[in-house]
>>> print(open('input-v2.txt').read())   # compact mmCIF, C-alpha atoms
# COMPACT_ATOMS: atom_id res chain seq x y z
CA MET T 965 -0.73 46.84 -24.97
CA SER T 966 -0.95 44.13 -27.59
CA LYS T 967 -2.28 40.62 -27.35
CA VAL T 968 -1.51 37.58 -29.47
CA PHE T 969 -4.68 35.96 -30.81
CA VAL T 970 -4.24 32.41 -32.06
CA LEU T 971 -5.47 31.70 -35.58
CA PRO T 972 -6.47 28.30 -36.98
CA GLY T 973 -3.48 26.35 -38.27
CA GLY T 974 -1.24 27.55 -35.44
CA LYS T 975 -0.66 31.02 -36.87
CA THR T 976 -0.50 34.07 -34.65
CA ARG T 977 -1.20 37.73 -35.16
CA ASP T 978 -0.49 40.70 -32.91
CA GLN T 979 -3.59 42.79 -32.30
CA GLN T 980 -4.64 45.60 -30.05
CA CYS T 981 -6.83 44.59 -27.11
CA SER T 982 -9.91 45.55 -29.13
CA GLY T 983 -9.43 42.50 -31.38
CA PRO T 984 -8.86 42.53 -35.17
CA ASN T 985 -8.88 46.32 -35.50
CA SER T 986 -6.04 48.43 -36.93
CA LEU T 987 -5.64 52.18 -37.55
CA LEU T 988 -5.83 53.69 -41.00
CA SER T 989 -2.51 54.67 -42.47
CA LYS T 990 -1.52 58.29 -41.87
CA GLN T 991 -0.41 58.51 -45.53
CA GLN T 992 -3.97 58.24 -46.88
CA THR T 993 -4.95 61.13 -49.08
CA GLY T 994 -8.11 63.18 -48.70
CA LEU T 995 -9.61 61.46 -51.78
CA GLN T 996 -8.93 58.02 -50.31
CA ARG T 997 -10.66 58.98 -47.12
CA LEU T 998 -13.70 60.20 -49.05
CA LEU T 999 -13.88 56.94 -51.01
CA GLN T 1000 -13.53 54.94 -47.83
CA LYS T 1001 -16.24 56.96 -46.13
CA ALA T 1002 -18.66 56.36 -49.02
CA VAL T 1003 -18.14 52.57 -49.00
CA LEU T 1004 -18.24 52.43 -45.20
CA HIS T 1005 -21.53 54.33 -45.21
CA ARG T 1006 -23.02 51.77 -47.59
CA TYR T 1007 -22.01 48.82 -45.39
CA ARG T 1008 -22.25 50.48 -41.98
CA HIS T 1009 -25.20 48.26 -40.99
CA ILE T 1010 -23.09 45.09 -41.00
CA LEU T 1011 -20.55 46.29 -38.43
CA GLY T 1012 -20.88 44.48 -35.08
CA LEU T 1013 -21.64 40.96 -33.83
CA TRP T 1014 -23.59 38.34 -35.78
CA GLN T 1015 -24.68 34.73 -35.47
CA PRO T 1016 -24.50 32.66 -38.67
CA ASP T 1017 -27.37 30.32 -39.44
CA ILE T 1018 -25.53 26.98 -39.52
CA GLY T 1019 -28.24 24.72 -38.15
CA PRO T 1020 -27.60 23.69 -34.54
CA TYR T 1021 -23.97 24.84 -34.56
CA GLY T 1022 -24.35 28.62 -34.88
CA GLY T 1023 -21.23 30.74 -34.54
CA LEU T 1024 -19.85 34.18 -33.67
CA LEU T 1025 -18.94 36.66 -36.39
CA ASN T 1026 -17.42 40.09 -35.69
CA VAL T 1027 -17.48 42.60 -38.56
CA VAL T 1028 -15.00 45.46 -38.15
CA VAL T 1029 -13.14 48.13 -40.08
CA ASP T 1030 -9.61 46.75 -40.32
CA GLY T 1031 -7.17 48.98 -42.15
CA LEU T 1032 -8.32 49.44 -45.75
CA PHE T 1033 -11.03 46.77 -45.47
CA ILE T 1034 -14.21 45.81 -43.72
CA ILE T 1035 -13.51 42.26 -42.53
CA GLY T 1036 -15.80 39.58 -41.13
CA TRP T 1037 -13.88 37.57 -38.52
CA MET T 1038 -15.30 34.26 -37.35
CA TYR T 1039 -14.36 33.69 -33.69
CA LEU T 1040 -13.64 30.13 -32.61
CA PRO T 1041 -13.21 28.75 -29.07
CA PRO T 1042 -9.75 27.46 -28.13
CA HIS T 1043 -9.08 23.79 -28.58
CA ASP T 1044 -10.89 21.48 -26.15
CA PRO T 1045 -10.51 21.38 -23.17
CA HIS T 1046 -8.32 24.50 -22.73
CA VAL T 1047 -11.14 26.85 -21.76
CA ASP T 1048 -8.82 29.58 -20.40
CA ASP T 1049 -6.87 29.93 -23.65
CA PRO T 1050 -7.60 32.95 -25.91
CA MET T 1051 -10.13 32.80 -28.73
CA ARG T 1052 -9.01 31.98 -32.25
CA PHE T 1053 -10.31 33.79 -35.30
CA LYS T 1054 -10.22 33.52 -39.07
CA PRO T 1055 -11.44 35.86 -41.84
CA LEU T 1056 -14.55 34.82 -43.80
CA PHE T 1057 -14.91 37.84 -46.11
CA ARG T 1058 -13.59 41.33 -46.73
CA ILE T 1059 -14.82 44.46 -48.48
CA HIS T 1060 -12.36 46.88 -50.10
CA LEU T 1061 -12.86 50.45 -48.89
CA MET T 1062 -10.92 52.14 -51.71
CA GLU T 1063 -13.04 51.34 -54.77
CA ARG T 1064 -14.13 54.24 -56.99
CA LYS T 1065 -17.25 52.56 -58.43
CA SER T 1066 -18.61 49.52 -56.59
CA ALA T 1067 -16.91 47.96 -53.59
CA THR T 1068 -15.12 44.66 -54.23
CA VAL T 1069 -16.27 41.83 -51.96
CA GLU T 1070 -13.94 38.88 -51.51
CA CYS T 1071 -14.54 35.47 -49.93
CA MET T 1072 -11.67 34.44 -47.64
CA TYR T 1073 -12.79 30.86 -47.06
CA GLY T 1074 -10.39 28.06 -47.97
CA HIS T 1075 -6.64 27.99 -48.41
CA LYS T 1076 -6.16 29.50 -51.89
CA GLY T 1077 -6.38 33.16 -50.96
CA PRO T 1078 -9.10 35.81 -51.50
CA HIS T 1079 -11.56 35.27 -54.36
CA ASN T 1080 -14.79 36.71 -55.72
CA GLY T 1081 -17.76 36.96 -53.36
CA HIS T 1082 -21.01 38.83 -52.84
CA ILE T 1083 -22.84 40.40 -49.90
CA GLN T 1084 -26.56 41.11 -49.78
CA ILE T 1085 -27.99 43.21 -46.97
CA VAL T 1086 -31.44 41.68 -46.47
CA LYS T 1087 -32.50 44.16 -43.78
CA LYS T 1088 -30.94 46.15 -40.97
CA ASP T 1089 -30.33 43.14 -38.71
CA GLU T 1090 -29.73 40.46 -41.34
CA PHE T 1091 -27.35 39.96 -44.26
CA SER T 1092 -26.04 37.10 -46.35
CA THR T 1093 -22.76 36.22 -48.07
CA LYS T 1094 -22.17 34.14 -51.17
CA CYS T 1095 -18.98 32.77 -52.70
CA ASN T 1096 -18.83 32.96 -56.50
CA GLN T 1097 -15.74 30.73 -56.82
CA THR T 1098 -16.27 27.73 -54.59
CA ASP T 1099 -13.51 25.83 -56.40
CA HIS T 1100 -11.14 27.88 -54.22
CA HIS T 1101 -12.48 25.97 -51.22
CA ARG T 1102 -11.52 22.57 -52.57
CA MET T 1103 -8.21 20.81 -51.95
CA SER T 1104 -6.19 18.66 -54.33
CA GLY T 1105 -6.43 15.72 -51.93
CA GLY T 1106 -10.22 15.74 -52.05
CA ARG T 1107 -12.65 15.49 -49.13
CA GLN T 1108 -10.26 13.40 -47.05
CA GLU T 1109 -7.60 16.13 -47.09
CA GLU T 1110 -10.25 18.78 -46.42
CA PHE T 1111 -11.52 16.84 -43.42
CA ARG T 1112 -8.07 16.33 -41.93
CA THR T 1113 -7.23 20.01 -42.40
CA TRP T 1114 -10.56 21.07 -40.84
CA LEU T 1115 -9.98 18.67 -37.93
CA ARG T 1116 -6.55 20.14 -37.18
CA GLU T 1117 -7.98 23.67 -37.24
CA GLU T 1118 -11.19 22.89 -35.35
CA TRP T 1119 -9.85 20.46 -32.73
CA GLY T 1120 -6.06 20.77 -32.90
CA ARG T 1121 -5.61 17.03 -33.41
CA THR T 1122 -6.02 14.14 -35.84
CA LEU T 1123 -8.83 11.58 -35.90
CA GLU T 1124 -6.35 8.95 -34.68
CA ASP T 1125 -5.84 11.03 -31.52
CA ILE T 1126 -9.55 10.82 -30.65
CA PHE T 1127 -10.27 7.41 -29.16
CA HIS T 1128 -13.87 8.00 -28.07
CA GLU T 1129 -16.07 6.52 -30.81
CA HIS T 1130 -19.07 8.75 -30.02
CA MET T 1131 -16.86 11.83 -30.18
CA GLN T 1132 -15.55 10.73 -33.59
CA GLU T 1133 -19.13 10.45 -34.84
CA LEU T 1134 -20.01 13.94 -33.55
CA ILE T 1135 -16.93 15.46 -35.19
CA LEU T 1136 -17.58 13.80 -38.56
CA MET T 1137 -21.24 14.85 -38.39
CA LYS T 1138 -20.26 18.48 -37.76
CA PHE T 1139 -17.81 18.50 -40.68
CA ILE T 1140 -20.38 17.09 -43.11
CA TYR T 1141 -23.08 19.48 -41.92
CA THR T 1142 -21.05 22.70 -41.78
CA SER T 1143 -19.27 22.10 -45.11
CA GLN T 1144 -22.65 22.46 -46.83
CA TYR T 1145 -22.57 26.16 -45.87
CA ASP T 1146 -19.17 27.04 -47.33
CA ASN T 1147 -20.68 28.91 -50.30
CA CYS T 1148 -23.65 30.79 -48.78
CA LEU T 1149 -24.43 31.96 -45.25
CA THR T 1150 -27.07 34.13 -43.57
CA TYR T 1151 -26.21 36.15 -40.46
CA ARG T 1152 -28.47 37.68 -37.83
CA ARG T 1153 -27.38 40.44 -35.46
CA ILE T 1154 -26.73 39.73 -31.81
CA TYR T 1155 -26.04 42.16 -28.98
CA LEU T 1156 -23.89 41.97 -25.89
CA PRO T 1157 -26.02 41.83 -22.71
CA PRO T 1158 -26.63 45.09 -20.81
CA SER T 1159 -25.07 45.32 -17.35
CA ASN T 1160 -26.07 46.80 -14.00
CA ALA T 1161 -23.97 47.76 -10.99
CA ASP T 1162 -25.65 45.11 -8.80
CA ASP T 1163 -25.07 42.17 -11.18
CA LEU T 1164 -23.43 39.13 -9.59
CA LEU T 1165 -20.63 39.46 -12.14
CA LYS T 1166 -20.17 41.31 -15.39
CA PRO T 1167 -22.39 39.74 -18.09
CA GLY T 1168 -20.89 38.85 -21.44
CA LEU T 1169 -19.58 36.02 -23.59
CA PHE T 1170 -17.95 32.91 -22.13
CA LYS T 1171 -16.31 29.72 -23.40
CA GLY T 1172 -17.71 26.57 -21.80
CA THR T 1173 -16.94 22.85 -21.80
CA TYR T 1174 -19.69 20.55 -23.11
CA GLY T 1175 -18.37 17.02 -22.92
CA SER T 1176 -17.85 15.28 -26.26
CA HIS T 1177 -19.18 18.36 -28.08
CA GLY T 1178 -16.07 20.31 -27.09
CA LEU T 1179 -15.99 24.00 -26.19
CA GLU T 1180 -18.98 26.22 -26.97
CA ILE T 1181 -19.73 29.95 -26.67
CA VAL T 1182 -22.37 31.03 -24.13
CA MET T 1183 -23.82 34.48 -23.43
CA LEU T 1184 -24.47 35.20 -19.73
CA SER T 1185 -27.18 37.81 -19.05
CA PHE T 1186 -29.12 38.97 -15.98
CA HIS T 1187 -32.89 39.29 -15.73
CA GLY T 1188 -33.94 40.44 -12.26
CA LYS T 1189 -33.68 37.45 -9.91
CA LYS T 1190 -32.55 35.16 -12.72
CA ALA T 1191 -29.38 34.80 -14.76
CA LYS T 1192 -29.46 33.03 -18.11
CA GLY T 1193 -26.81 31.34 -20.22
CA THR T 1194 -27.75 31.34 -23.93
CA LYS T 1195 -25.80 29.30 -26.47
CA ILE T 1196 -24.20 31.30 -29.28
CA THR T 1197 -22.66 28.11 -30.64
CA GLY T 1198 -24.37 24.78 -30.10
CA ASP T 1199 -24.57 21.11 -30.97
CA PRO T 1200 -27.13 18.53 -32.18
CA ASN T 1201 -28.44 17.99 -28.63
CA ILE T 1202 -28.84 21.63 -27.49
CA PRO T 1203 -28.60 23.91 -30.55
CA ALA T 1204 -27.35 27.47 -30.71
CA GLY T 1205 -29.90 29.99 -29.46
CA GLN T 1206 -31.23 27.79 -26.66
CA GLN T 1207 -30.96 28.66 -22.97
CA THR T 1208 -28.44 26.14 -21.65
CA VAL T 1209 -28.50 27.14 -17.96
CA GLU T 1210 -30.70 29.30 -15.73
CA ILE T 1211 -29.51 30.50 -12.32
CA ASP T 1212 -31.97 31.30 -9.53
CA LEU T 1213 -30.28 34.19 -7.71
CA ALA T 1214 -32.99 34.14 -5.01
CA HIS T 1215 -31.83 30.69 -3.84
CA PRO T 1216 -28.16 30.60 -2.81
CA ILE T 1217 -26.71 27.25 -1.74
CA GLN T 1218 -24.31 26.76 1.14
CA LEU T 1219 -21.79 24.07 0.26
CA PRO T 1220 -20.95 21.43 2.87
CA ASP T 1221 -17.43 21.12 4.26
CA ILE T 1222 -14.79 19.81 1.90
CA GLU T 1223 -15.04 16.20 3.19
CA ASN T 1224 -18.80 16.00 2.60
CA LEU T 1225 -18.51 17.92 -0.68
CA CYS T 1226 -16.65 14.96 -2.13
CA ASN T 1227 -19.80 12.90 -1.56
CA PHE T 1228 -22.07 13.29 -4.60
CA ASN T 1229 -25.11 12.02 -2.73
CA GLU T 1230 -24.72 14.72 -0.08
CA LEU T 1231 -24.48 17.51 -2.66
CA SER T 1232 -27.40 16.02 -4.58
CA ARG T 1233 -29.51 15.96 -1.40
CA ILE T 1234 -28.84 19.67 -0.76
CA VAL T 1235 -29.70 20.70 -4.33
CA LEU T 1236 -32.87 18.59 -4.46
CA GLU T 1237 -34.07 20.12 -1.19
CA VAL T 1238 -33.75 23.56 -2.74
CA GLN T 1239 -35.53 22.31 -5.86
CA GLU T 1240 -38.46 21.20 -3.70
CA GLN T 1241 -38.48 24.57 -1.95
CA VAL T 1242 -38.60 26.36 -5.30
CA ARG T 1243 -41.45 24.10 -6.44
CA ARG T 1244 -43.49 24.87 -3.31
CA GLU T 1245 -42.91 28.62 -3.67
CA GLN T 1246 -44.01 28.53 -7.31
CA GLN T 1247 -47.12 26.55 -6.37
CA GLU T 1248 -48.02 29.01 -3.58
CA GLU T 1249 -47.52 31.92 -5.95
CA GLU T 1250 -49.82 30.34 -8.54
CA GLU T 1251 -52.47 29.63 -5.91
CA GLY T 1252 -52.25 33.22 -4.67
CA GLN T 1253 -52.76 34.50 -8.19
CA ASP T 1254 -55.79 32.23 -8.64
CA GLU T 1255 -57.31 33.52 -5.39
CA GLU T 1256 -56.69 37.11 -6.43
CA GLU T 1257 -58.38 36.56 -9.79
CA GLY T 1258 -61.34 34.80 -8.12
CA GLY T 1259 -61.73 37.60 -5.60
CA SER T 1260 -61.72 40.21 -8.34
CA ARG T 1261 -64.54 38.43 -10.14
CA GLN T 1262 -66.61 38.48 -6.93
CA GLY T 1263 -66.02 42.20 -6.43
CA ASP T 1264 -64.07 41.52 -3.26
CA SER T 1265 -60.58 42.21 -4.57
CA GLN T 1266 -59.55 44.54 -1.75
CA GLN T 1267 -59.83 41.87 0.94
CA VAL T 1268 -57.96 39.32 -1.17
CA GLU T 1269 -55.13 41.59 -2.24
CA GLN T 1270 -53.92 42.49 1.26
CA PRO T 1271 -52.69 39.04 2.36
CA VAL T 1272 -51.15 38.46 -1.07
CA GLN T 1273 -49.18 41.69 -0.74
CA ARG T 1274 -47.93 40.68 2.69
CA ASP T 1275 -46.88 37.26 1.37
CA ASP T 1276 -44.99 38.85 -1.54
CA ALA T 1277 -43.22 41.26 0.78
CA GLY T 1278 -42.26 38.41 3.06
CA ALA T 1279 -40.98 36.35 0.16
CA GLU T 1280 -38.98 39.27 -1.19
CA GLY T 1281 -37.53 39.88 2.26
CA THR T 1282 -36.48 36.24 2.54
CA GLU T 1283 -34.93 36.30 -0.94
CA ALA T 1284 -33.11 39.56 -0.23
CA ALA T 1285 -31.77 38.14 3.01
CA GLY T 1286 -30.59 35.01 1.20
CA VAL T 1287 -28.79 36.94 -1.51
CA ALA T 1288 -27.26 39.30 1.08
CA ALA T 1289 -25.99 36.32 3.06
CA ALA T 1290 -24.48 34.80 -0.09
CA GLN T 1291 -22.77 38.07 -1.00
CA GLU T 1292 -21.41 38.37 2.53
CA SER T 1293 -19.98 34.86 2.35
CA ALA T 1294 -18.42 35.76 -1.01
CA LEU T 1295 -16.05 38.10 0.81
CA THR T 1296 -14.20 35.01 1.97
CA SER T 1297 -13.52 32.27 -0.57
CA GLN T 1298 -14.41 28.73 0.40
CA PRO T 1299 -12.68 25.49 -0.67
CA PHE T 1300 -14.17 23.68 -3.64
CA VAL T 1301 -13.69 20.25 -5.13
CA LEU T 1302 -15.83 18.23 -7.51
CA PRO T 1303 -17.69 15.31 -5.90
CA VAL T 1304 -16.36 11.86 -6.69
CA GLY T 1305 -18.00 10.52 -9.86
CA VAL T 1306 -18.67 13.91 -11.48
CA ILE T 1307 -17.08 14.01 -14.94
CA SER T 1308 -15.08 17.06 -16.02
CA ARG T 1309 -13.35 17.68 -19.36
CA ASN T 1310 -10.93 20.02 -17.60
CA GLU T 1311 -9.32 18.93 -14.34
CA ASP T 1312 -7.64 22.33 -14.00
CA TYR T 1313 -10.67 24.00 -12.42
CA PRO T 1314 -10.41 26.49 -9.50
CA ARG T 1315 -10.18 24.95 -6.04
CA THR T 1316 -11.90 27.86 -4.29
CA CYS T 1317 -15.24 29.55 -5.01
CA ARG T 1318 -17.12 32.67 -3.88
CA MET T 1319 -20.74 31.51 -3.81
CA CYS T 1320 -23.20 29.01 -5.25
CA PHE T 1321 -26.82 29.16 -6.41
CA TYR T 1322 -29.51 26.70 -7.37
CA GLY T 1323 -30.02 26.45 -11.12
CA THR T 1324 -31.37 24.32 -13.91
CA GLY T 1325 -29.67 23.02 -17.04
CA LEU T 1326 -31.28 22.09 -20.35
CA ILE T 1327 -30.69 18.55 -21.61
CA ALA T 1328 -32.15 16.79 -24.66
CA GLY T 1329 -31.69 13.87 -26.99
CA HIS T 1330 -30.08 14.08 -30.42
CA GLY T 1331 -31.96 16.49 -32.65
CA PHE T 1332 -33.17 18.46 -29.62
CA THR T 1333 -35.71 15.75 -28.80
CA SER T 1334 -37.49 15.56 -25.42
CA PRO T 1335 -35.82 18.68 -23.95
CA GLU T 1336 -36.16 19.14 -20.20
CA ARG T 1337 -34.72 21.39 -17.50
CA THR T 1338 -32.91 19.43 -14.78
CA PRO T 1339 -31.54 20.61 -11.41
CA GLY T 1340 -27.96 21.69 -10.92
CA ILE T 1341 -25.70 24.04 -9.03
CA PHE T 1342 -24.06 27.23 -10.29
CA ILE T 1343 -20.60 27.92 -8.83
CA LEU T 1344 -19.07 31.40 -9.03
CA PHE T 1345 -15.28 31.09 -8.92
CA ASP T 1346 -14.17 34.66 -9.66
CA ASP T 1347 -14.99 37.64 -11.89
CA ASP T 1348 -14.16 35.70 -15.06
CA ARG T 1349 -15.01 32.05 -14.36
CA PHE T 1350 -18.01 30.05 -13.21
CA GLY T 1351 -19.09 26.43 -13.31
CA PHE T 1352 -22.24 24.33 -13.42
CA ILE T 1353 -22.77 20.80 -12.07
CA TRP T 1354 -25.44 18.86 -13.99
CA LEU T 1355 -26.85 16.48 -11.37
CA GLU T 1356 -28.63 14.12 -13.76
CA LEU T 1357 -25.63 13.83 -16.07
CA LYS T 1358 -23.07 13.80 -13.23
CA SER T 1359 -21.14 16.25 -15.34
CA PHE T 1360 -19.34 19.56 -14.76
CA SER T 1361 -19.03 22.48 -17.19
CA LEU T 1362 -16.37 25.16 -16.67
CA TYR T 1363 -16.89 28.60 -18.23
CA SER T 1364 -14.23 31.26 -18.82
CA ARG T 1365 -14.80 34.84 -20.00
CA ILE T 1366 -14.01 35.84 -23.59
CA LYS T 1367 -11.71 38.82 -23.09
CA VAL T 1368 -12.23 40.66 -26.35
CA SER T 1369 -13.58 44.21 -26.55
CA PHE T 1370 -16.16 43.93 -29.33
CA GLN T 1371 -17.21 47.20 -30.97
CA ASN T 1372 -20.67 48.16 -32.29
CA ALA T 1373 -22.21 45.38 -30.18
CA GLU T 1374 -24.22 47.26 -27.54
CA ALA T 1375 -27.99 46.81 -27.57
CA PRO T 1376 -29.90 50.08 -28.20
CA SER T 1377 -32.22 49.18 -25.28
CA ARG T 1378 -33.03 46.43 -22.81
CA GLU T 1379 -36.14 45.63 -24.85
CA ALA T 1380 -34.04 45.21 -28.01
CA PHE T 1381 -31.74 42.76 -26.21
CA ASP T 1382 -34.64 40.69 -24.85
CA GLU T 1383 -36.22 40.61 -28.32
CA MET T 1384 -32.91 39.42 -29.79
CA LEU T 1385 -32.78 36.53 -27.29
CA LYS T 1386 -36.32 35.49 -28.25
CA ASN T 1387 -35.48 35.64 -31.95
CA ILE T 1388 -32.38 33.45 -31.81
CA GLN T 1389 -34.17 30.94 -29.60
CA SER T 1390 -37.18 30.70 -31.91
CA MET T 1391 -34.89 29.84 -34.83
CA THR T 1392 -34.07 26.43 -33.28
CA THR T 1393 -37.28 25.67 -31.37
>>> encode(input="input-v2.txt", output="structure tokens")
Amino acid sequence: MSKVFVLPGGKTRDQQCSGPNSLLSKQQTGLQRLLQKAVLHRYRHILGLWQPDIGPYGGLLNVVVDGLFIIGWMYLPPHDPHVDDPMRFKPLFRIHLMERKSATVECMYGHKGPHNGHIQIVKKDEFSTKCNQTDHHRMSGGRQEEFRTWLREEWGRTLEDIFHEHMQELILMKFIYTSQYDNCLTYRRIYLPPSNADDLLKPGLFKGTYGSHGLEIVMLSFHGKKAKGTKITGDPNIPAGQQTVEIDLAHPIQLPDIENLCNFNELSRIVLEVQEQVRREQQEEEEGQDEEEGGSRQGDSQQVEQPVQRDDAGAEGTEAAGVAAAQESALTSQPFVLPVGVISRNEDYPRTCRMCFYGTGLIAGHGFTSPERTPGIFILFDDDRFGFIWLELKSFSLYSRIKVSFQNAEAPSREAFDEMLKNIQSMTT
């Protein structure tokens, strides 16, 4: 079955469900296959998913074998606020697989067709690209024409269509910043998150709404009693690589009836009560650890450890009971509506949900200044959509799964995935 993936500029292209992948022609000769195999072996380390180093903005690059080429496709979210629309993609570079001597690398950036480029494999999980003919990126109408073209591709509209002054400033800032990287980029490998049978939903990549910043790509992963949303693309406030939301799976939240749910103060009261409960539990856990360490120093560890073990077992039992109750309630969907006063970029959000959990969201000033985690509520709508209400911002983000089967993107181990998350976060800390 084929899907139509929307390209920048309104173009379309039929692709198999695996994304920009096509089969090699059956007419290839044995010599052609040998040449292709040799070039592919040389560049095999760049196949898979990558995050470009574009300051706070990041990105998602998928490198695949596509016909007679290796092609690097940059994936872009759909135009704001249409979070359920399919991803868009555009080619950034390609490598010819049929060269007898050295493989030809071409830059695909701009609107004048393929031109000379270069790829340097720095190490196994890092490579860089360079354009040798940047004049192909320029337009006859100068920077103004380039900006208007970029705006149509990036946002699907003109500057005159955007009335919000702050949003205009953010868009212009992104254009100026990202256009500095049109001749040279460094990419670092990223992995898809590993999954377990007992995960709340299948982990993976999602598109999410982020107010005036538009749609961004977030990776949802599970870590024991926590779930984390890590930005693959970002913005000047919360850059790519940072953990945008954290969900506490040990603390489900029971929503009030639909009449009281419309009252923001009532929902806020419920969430803040859970926040206080979490704070007390963390404090008790820290005090228990201090007592255990003190007892060990006095050579009386056995007497101290027993009550701590009973407390942990009791806590785990309470958490397990809470999660079980939430999962049981998920069997029957419950009505959902955003409280009055909560801002949403997309009014077409689901009106029923399965379950909710306490969580925290990361907010910061421009330039990632004064970052802090603030309380919120995670709402699971279905297998492919979830939401998050940011209490302090009175804002709602809707997330929708990216339904693309990426190849060569599995982490070799859980440890490798966790290390990857640390690495991309440290780049913007």
>>> closest_residue(input="input-v2.txt", among="T:Leu1004, T:Cys1071, T:Leu1225, T:Ala1161", to="T:Lys1094", atoms="only C-alpha atoms")
T:Cys1071
>>> closest_residue(input="input-v2.txt", among="T:Lys1166, T:Arg1112, T:Lys1054, T:His1079", to="T:Asp1125", atoms="all atoms listed in the file")
T:Arg1112
>>> closest_residue(input="input-v2.txt", among="T:Pro1299, T:Gly1105, T:Gly1205, T:Gly1252", to="T:Pro1220", atoms="only C-alpha atoms")
T:Pro1299
>>> residues_around(input="input-v2.txt", residues="T:Ser1361", least_positions_apart="6", cutoff="8 Å", atoms="all atoms listed in the file", output="number ranges by chain")
T: 1172-1175, 1308-1309, 1351-1353
>>> closest_residue(input="input-v2.txt", among="T:Leu1032, T:Val1182, T:Val1086, T:Leu1056", to="T:Ile1366", atoms="all atoms listed in the file")
T:Val1182
>>> closest_residue(input="input-v2.txt", among="T:Met1384, T:Val1027, T:Val1242, T:Ile1181", to="T:Leu1040", atoms="only C-alpha atoms")
T:Ile1181
>>> axis_aligned_box(input="input-v2.txt", around="stretch 1052-1063 of chain T", padding_each_side="8 Å", output="AutoDock Vina command-line options")
--center_x -12.0 --center_y 42.1 --center_z -43.5 --size_x 21.9 --size_y 36.2 --size_z 38.5
>>> atom_distance(input="input-v2.txt", atom1="atom CA of T:Arg1006", atom2="atom CA of T:Tyr1073")
23.3 Å
>>> closest_residue(input="input-v2.txt", among="T:Arg1116, T:His1215, T:His1043, T:Lys1076", to="T:Arg1243", atoms="all atoms listed in the file")
T:His1215
>>> atom_distance(input="input-v2.txt", atom1="atom CA of T:Ile1059", atom2="atom CA of T:Asn1147")
16.7 Å
>>> atom_distance(input="input-v2.txt", atom1="atom CA of T:Glu1245", atom2="atom CA of T:His1187")
19.0 Å
>>> residues_around(input="input-v2.txt", residues="T:Lys1088", least_positions_apart="5", cutoff="9 Å", atoms="only C-alpha atoms", output="ChimeraX atom specification")
/T:1009-1010,1153
>>> residues_near_point(input="input-v2.txt", point="(-15.4, 23.7, -24.2)", cutoff="7 Å", atoms="all atoms listed in the file", output="list of chain:residue names")
T:Asp1044, T:Pro1045, T:Val1047, T:Lys1171, T:Gly1172, T:Thr1173, T:Tyr1174, T:Gly1178, T:Leu1179, T:Glu1180
>>> residues_near_point(input="input-v2.txt", point="(-6.9, 18.5, -34.4)", cutoff="12 Å", atoms="only C-alpha atoms", output="VMD selection string")
chain T and resid 972 to 974 1042 to 1044 1111 to 1126 1132 1135 1178
